[in-house]
Every structure is written in structure tokens, then in C-alpha cells.
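Asks: I have a structure I would like to understand better, so I am pasting it below and will then ask my questions one at a time.
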Amino acid sequence: MLQLNDKYFSVVSKEGADNTFKYRLHLNASHEVYKGHFPGNPISPGVCSIQTIRECCEDALHNRLTIRSIKLCRFSALLTPTRCTEITVGLSITPNANDYTVVADITNGDETFVSFKGTLERQ
Amino acid sequence: MDKPLYKGEEIKKLLNQRAPILMVDTLYEVSDNGATTGLTIEADNFFNLDGQFTEPGLIEHMAQSASAFVGYNAIKSNSSAAPVGYIGEIKNFKLAGRLPKAGDKLLTTVTVQSVVMNITLFTAETKTGDTTVASCQMKLSV
């Protein structure tokens, strides 16, 4: 079942208010997904980064969310949980009439792994 | 549709992904610039949540559909092993309606728009029956 919080990642700390949030996450390199992505060569699947962004948004907004559209999501560096054990998810969430515009990134220090812009809907 | 080109265990010749994240189970057709693939969503699929197949699962399925096309051509042209592919970029992903559910059969068409060095730009559309589920543009790095 797809729910990554407390399995694929765990929350180290979170801060923010209103529309801007920062989540510091620890990555679990022994999560089952790495058995298949890829055998003997653990690389965090890009789609798990997208799900991680979604789950952080859900935590920030206290709501389940559907990813209705992604304008652009760029994976600028490979993320490996054995080399990079902690990441920061930065969120900027703008409420619209019927949905939220989310601009997010996944970074560690100076390194950017993922840049995301999309529309999420309350379920 | 004709007999599939690859299905079940054979699909592992085209893709490096393995359980629980192998998200294509059939390669139906290949043309010069694209392919048609499929996936039956089992009840215990990694990307299911509350009986529904989620958006990250759809995106992974689309990426692996393009990867299967690249893998098929690698094997046909020079008999080399299928290369490992990574998603470089996703653009204009749209979830058209409801999420698919366990038991649904996804049918996906990927069309290559351009290939520059080791990056393939393609469009993908996923349907269940006649209904479009999702579409996107993607860059795949191999």
C-alpha cells in the first residue's frame, strides 16, 4: 500500500506556517521498493519523490489530496538513500477556488534533486 | 490486437525494474516511433491506496512503457541488455478523471517525439477501456 511516511521516510523536523513549509526527512535505505529499483543498486524512484511531496502537502493542509496536474517536475540529480540519508522538502502552497497550486523542491544543502510545480485537489 | 510481443516474466528482458515496482506486464506492439503496453492492476500493487491505483503509479507505468520501447530496440538492434532508464522530467501530466482501481487493465500508448543523445522525449496516454485516465510528456534518460 502506498503510504511512504514512517516507512520510506520519517519526519525529522517540520517548520512553517501559512503557505510555506519545510520538512526535514530521513530516508530509509532498507525500504522494500529498493529491492526492485534497482536490484543491488538502490536509487530513489522519481515517483516516490512526487509521493513524498504529496504526503508533506497533506500533512501541512490536514487533508487528503489528489494530484490533478503537474505543469513541470524536473529531476536534476539522482537521489540515493545510501549516500544521501536526509533531505529537505520545501513547499509553497497557494490556495485557489477549487484546488491548490504547489511549488516544491527536494534539496540537501546546495544540491537540488527535484523541482515540482503542480495542482493538487482536496479529496 | 495481435498476440503480445512480450508478457509476464518475459517483460523482465526489457526492463531493469523488479517487484514491487515493475509497472508494465505486457508489450503489445512496437512501431518505429512508439509502443503500446499494458498493466493489470493487482490488489496488492505497490502504488495502490484504499483500492485505487494512484498518480505516482500511473507516472511510473508511463515511464516504464517508454523504457520497454527503448529496451526492445536495444535488444533487437544489437542484442545488448536493456539499459536502465530514469525519469528526467515530467511535463503537463493530467489526471483526466477518476483513478483506476484494482482489477482494471491499463492500456498505454507512448510516442517518441525526439531523441537527443541519451535523452528520449515522448508523450504518453493511458486508458482503461475507451476512457483516458492520464496523459503527459516525459524525458527519459538512459
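Within each chain, counting starts at residue 1; across the C-alpha cells, chains are named A, B, ... in the order shown, with ligands numbered 1 upward in that order.
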Residues of chain B within 9 Å of chain A, counting only C-alpha atoms, what are they? List them as a compact mmCIF listing (two decimals) with C-alpha atoms, in the first residue's frame.
Replies:
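The resulting file, iface36.txt, is reproduced below:
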# COMPACT_ATOMS: atom_id res chain seq x y z
CA ASN B 16 15.50 -3.48 -15.11
CA GLN B 17 12.78 -2.68 -12.56
CA ARG B 18 11.64 -5.60 -10.41
CA ALA B 19 8.95 -6.25 -7.80
CA PRO B 20 7.46 -4.31 -6.13
CA ILE B 21 7.95 -1.53 -8.69
CA LEU B 22 7.70 -3.37 -12.03
CA ASP B 44 -1.55 -5.83 -3.81
CA ASN B 45 0.06 -3.37 -6.25
CA PHE B 46 2.69 -1.21 -4.50
CA PHE B 47 1.02 2.00 -5.73
CA ASN B 48 -2.50 1.16 -4.52
CA LEU B 49 -4.07 3.17 -1.74
CA ASP B 50 -7.56 2.35 -0.48
CA GLY B 51 -8.17 0.12 -3.51
CA THR B 54 -2.50 6.28 -7.53
CA GLU B 55 -0.98 9.06 -9.67
CA PRO B 56 2.68 8.10 -8.96
CA GLY B 57 1.81 4.59 -10.16
CA ILE B 59 3.54 8.05 -13.97
CA GLU B 60 5.82 5.08 -13.22
CA VAL B 84 18.48 1.34 -17.06
CA TYR B 86 15.49 7.28 -15.32
CA ILE B 87 12.79 9.93 -15.48
CA GLY B 88 14.47 13.27 -16.21
CA GLU B 89 11.40 15.46 -16.49
CA ILE B 90 7.60 15.26 -16.43
CA LYS B 91 5.56 17.95 -18.19
CA ASN B 92 1.84 18.56 -18.49
CA PHE B 93 0.74 15.49 -16.56
CA LYS B 94 -3.05 15.48 -16.39
CA LEU B 95 -5.26 13.13 -14.46
CA ALA B 96 -8.34 13.12 -16.70
CA GLY B 97 -10.93 11.61 -14.40
CA CYS B 136 1.87 13.51 -20.01
Asks: List every residue of stretch 7-113 of chain A that DSSP, applied to the backbone, labels as alpha helix (DSSP H), and write the result as a ChimeraX atom specification.
Replies: /A:46-61
Asks: For N, CA, C and O atoms, I'd like the residues from the last selection saved as a PDB file, in the first residue's frame.
Replies:
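Okay, result_24.pdb is ready:
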ATOM      1  N   GLY A  46      11.816   8.409  -8.882  1.00  0.00           N
ATOM      2  CA  GLY A  46      11.286   9.767  -9.032  1.00  0.00           C
ATOM      3  C   GLY A  46       9.842   9.863  -8.567  1.00  0.00           C
ATOM      4  O   GLY A  46       9.446  10.844  -7.940  1.00  0.00           O
ATOM      5  N   VAL A  47       9.071   8.830  -8.851  1.00  0.00           N
ATOM      6  CA  VAL A  47       7.655   8.871  -8.463  1.00  0.00           C
ATOM      7  C   VAL A  47       7.477   8.804  -6.941  1.00  0.00           C
ATOM      8  O   VAL A  47       6.480   9.282  -6.413  1.00  0.00           O
ATOM      9  N   CYS A  48       8.458   8.220  -6.232  1.00  0.00           N
ATOM     10  CA  CYS A  48       8.385   8.228  -4.761  1.00  0.00           C
ATOM     11  C   CYS A  48       8.686   9.632  -4.232  1.00  0.00           C
ATOM     12  O   CYS A  48       8.153  10.031  -3.191  1.00  0.00           O
ATOM     13  N   SER A  49       9.535  10.393  -4.956  1.00  0.00           N
ATOM     14  CA  SER A  49       9.751  11.796  -4.585  1.00  0.00           C
ATOM     15  C   SER A  49       8.456  12.595  -4.763  1.00  0.00           C
ATOM     16  O   SER A  49       8.121  13.441  -3.934  1.00  0.00           O
ATOM     17  N   ILE A  50       7.725  12.320  -5.838  1.00  0.00           N
ATOM     18  CA  ILE A  50       6.440  13.005  -6.057  1.00  0.00           C
ATOM     19  C   ILE A  50       5.457  12.640  -4.939  1.00  0.00           C
ATOM     20  O   ILE A  50       4.766  13.504  -4.390  1.00  0.00           O
ATOM     21  N   GLN A  51       5.400  11.367  -4.582  1.00  0.00           N
ATOM     22  CA  GLN A  51       4.505  10.944  -3.495  1.00  0.00           C
ATOM     23  C   GLN A  51       4.934  11.567  -2.163  1.00  0.00           C
ATOM     24  O   GLN A  51       4.091  11.942  -1.342  1.00  0.00           O
ATOM     25  N   THR A  52       6.243  11.704  -1.955  1.00  0.00           N
ATOM     26  CA  THR A  52       6.748  12.336  -0.731  1.00  0.00           C
ATOM     27  C   THR A  52       6.273  13.789  -0.649  1.00  0.00           C
ATOM     28  O   THR A  52       5.824  14.257   0.408  1.00  0.00           O
ATOM     29  N   ILE A  53       6.347  14.510  -1.784  1.00  0.00           N
ATOM     30  CA  ILE A  53       5.854  15.896  -1.828  1.00  0.00           C
ATOM     31  C   ILE A  53       4.362  15.920  -1.514  1.00  0.00           C
ATOM     32  O   ILE A  53       3.890  16.735  -0.722  1.00  0.00           O
ATOM     33  N   ARG A  54       3.599  14.991  -2.113  1.00  0.00           N
ATOM     34  CA  ARG A  54       2.159  14.939  -1.851  1.00  0.00           C
ATOM     35  C   ARG A  54       1.878  14.719  -0.354  1.00  0.00           C
ATOM     36  O   ARG A  54       1.052  15.397   0.248  1.00  0.00           O
ATOM     37  N   GLU A  55       2.585  13.748   0.253  1.00  0.00           N
ATOM     38  CA  GLU A  55       2.315  13.435   1.662  1.00  0.00           C
ATOM     39  C   GLU A  55       2.686  14.604   2.581  1.00  0.00           C
ATOM     40  O   GLU A  55       2.019  14.829   3.593  1.00  0.00           O
ATOM     41  N   CYS A  56       3.740  15.344   2.230  1.00  0.00           N
ATOM     42  CA  CYS A  56       4.080  16.536   3.027  1.00  0.00           C
ATOM     43  C   CYS A  56       2.979  17.603   2.883  1.00  0.00           C
ATOM     44  O   CYS A  56       2.611  18.243   3.875  1.00  0.00           O
ATOM     45  N   CYS A  57       2.464  17.790   1.658  1.00  0.00           N
ATOM     46  CA  CYS A  57       1.349  18.734   1.453  1.00  0.00           C
ATOM     47  C   CYS A  57       0.123  18.306   2.262  1.00  0.00           C
ATOM     48  O   CYS A  57      -0.553  19.142   2.876  1.00  0.00           O
ATOM     49  N   GLU A  58      -0.157  17.016   2.273  1.00  0.00           N
ATOM     50  CA  GLU A  58      -1.315  16.508   3.024  1.00  0.00           C
ATOM     51  C   GLU A  58      -1.147  16.770   4.515  1.00  0.00           C
ATOM     52  O   GLU A  58      -2.098  17.131   5.207  1.00  0.00           O
ATOM     53  N   ASP A  59       0.087  16.597   4.998  1.00  0.00           N
ATOM     54  CA  ASP A  59       0.365  16.861   6.409  1.00  0.00           C
ATOM     55  C   ASP A  59       0.195  18.347   6.714  1.00  0.00           C
ATOM     56  O   ASP A  59      -0.402  18.716   7.729  1.00  0.00           O
ATOM     57  N   ALA A  60       0.696  19.195   5.801  1.00  0.00           N
ATOM     58  CA  ALA A  60       0.628  20.643   6.025  1.00  0.00           C
ATOM     59  C   ALA A  60      -0.811  21.151   6.002  1.00  0.00           C
ATOM     60  O   ALA A  60      -1.184  22.043   6.770  1.00  0.00           O
ATOM     61  N   LEU A  61      -1.631  20.564   5.112  1.00  0.00           N
ATOM     62  CA  LEU A  61      -3.003  21.059   4.927  1.00  0.00           C
ATOM     63  C   LEU A  61      -4.047  20.241   5.699  1.00  0.00           C
ATOM     64  O   LEU A  61      -5.232  20.567   5.671  1.00  0.00           O
TER      65      LEU A  61
END
Asks: Report the residues of stretch 9-140 of chain B whose backbone DSSP state falls under strand (DSSP E or B), written as a VMD selection string.
Replies: chain B and resid 26 to 31 34 to 40 48 to 49 52 to 53 86 to 95 101 105 to 116 119 to 128 131 to 140
Asks: Hey, can you check how far atom CA of B:Met23 sits from atom CA of B:His61?
Replies: 4.9 Å
Asks: Could you give me, as an MDAnalysis selection string, the residues within 9 Å of B:Lys13, counting only C-alpha atoms and dropping anything in the same chain fewer than 4 positions from it?
Replies: chainID B and resid 6 9 68 71:72 75 81:82
Asks: Hey, which of A:Val103, A:Leu65, A:Val11, A:Val89 ends up closest to A:Arg122? Count only C-alpha atoms.
Replies: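 Selected residue with least distance to A:Arg122: A:Leu65.
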Asks: Quick one: of B:Ser141, B:Lys12, B:Thr131, B:Lys105, who's nearest to B:Asn118, counting only C-alpha atoms?
Replies: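 Residue with the minimum atom-to-atom distance to B:Asn118: B:Ser141.
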Asks: I'd like the contact shell of B:Gly129 - 10 Å cut-off, only C-alpha atoms, skipping same-chain residues fewer than 5 positions apart - returned as a PyMOL selection string.
Replies: chain B and resi 104-107
Asks: Skipping near chain neighbours, those fewer than 2 positions away, what residues fall within 12 Å of B:Val116 using only C-alpha atoms, listed as an MDAnalysis selection string?
Replies: chainID B and resid 112:114 118:122 139:142
